[in-house]
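Colleague: Before I ask anything, here is the structure I am working with.
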Amino acid sequence: MLIIDDLLLWLPAKGLMAIFKKIHDLAEDELNDESKLKEQLLRFQTMFELDQMSEAEYQKQEDEIMARLAEIRERKKLAASSQ
């Protein structure tokens with residue numbers, strides 16, 4: 001009877017933990033994805049070159065993206081050094 005109780009109690013919990021782990025991993029991947037930021041920067045550069053964006057607005061957007069890229073790289077460096 002104890003084995004059945006263990007199965008009924010712990011299997012659903014382990015399944016939920018696996019789901020939460022997968023969600024966490026996907027969120028981490030999204031948070032550390034440099035490619036989307038690089039695409040955004042390229043889009044802003046194109047808009048600036050086509051005079052669809054002022055230089056001040058472009059500079060502001062570029063600074064924000066570069067800061068986020070620096071944060072991502074720093075997180076990756078810390079993660080690599082802790083392993």
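Letters for chains follow the order of the structure tokens (A, B, ...), residue numbers begin at 1 for each chain, and ligand numbers begin at 1 in the order shown.
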What's the 12 Å shell around Arg43 (chain A), counting only C-alpha atoms, without same-chain residues fewer than 3 positions away, as a short mmCIF file (atom, residue, chain, number, x, y, z; two decimals) with C-alpha atoms, in the first residue's frame?
Modeller:
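Printed below is around-v5.cif as written:
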data_model
loop_
_atom_site.label_atom_id
_atom_site.label_comp_id
_atom_site.auth_asym_id
_atom_site.auth_seq_id
_atom_site.Cartn_x
_atom_site.Cartn_y
_atom_site.Cartn_z
CA LYS A 36 16.61 39.28 -31.26
CA LEU A 37 18.42 42.31 -29.90
CA LYS A 38 20.80 42.30 -32.86
CA GLU A 39 17.81 42.16 -35.23
CA GLN A 40 16.24 45.10 -33.41
CA THR A 46 17.83 50.81 -41.30
CA MET A 47 15.11 53.14 -40.08
CA PHE A 48 17.72 55.78 -39.23
CA GLU A 49 19.39 55.46 -42.62
CA LEU A 50 16.02 55.85 -44.35
CA GLN A 52 12.37 57.26 -40.52
CA MET A 53 14.01 57.89 -37.16
CA TYR A 58 18.33 56.08 -32.83
CA GLN A 61 17.54 52.91 -28.83
CA GLU A 62 21.10 51.85 -29.65
CA ILE A 65 20.14 47.63 -26.84
#
Colleague: Would you pick out the contacts of Lys76 (chain A) at 10 Å or less, using only C-alpha atoms, so that residues sharing its chain but fewer than 6 positions from it are not included, and give the list as a ChimeraX atom specification?
Modeller: /A:32,70,82
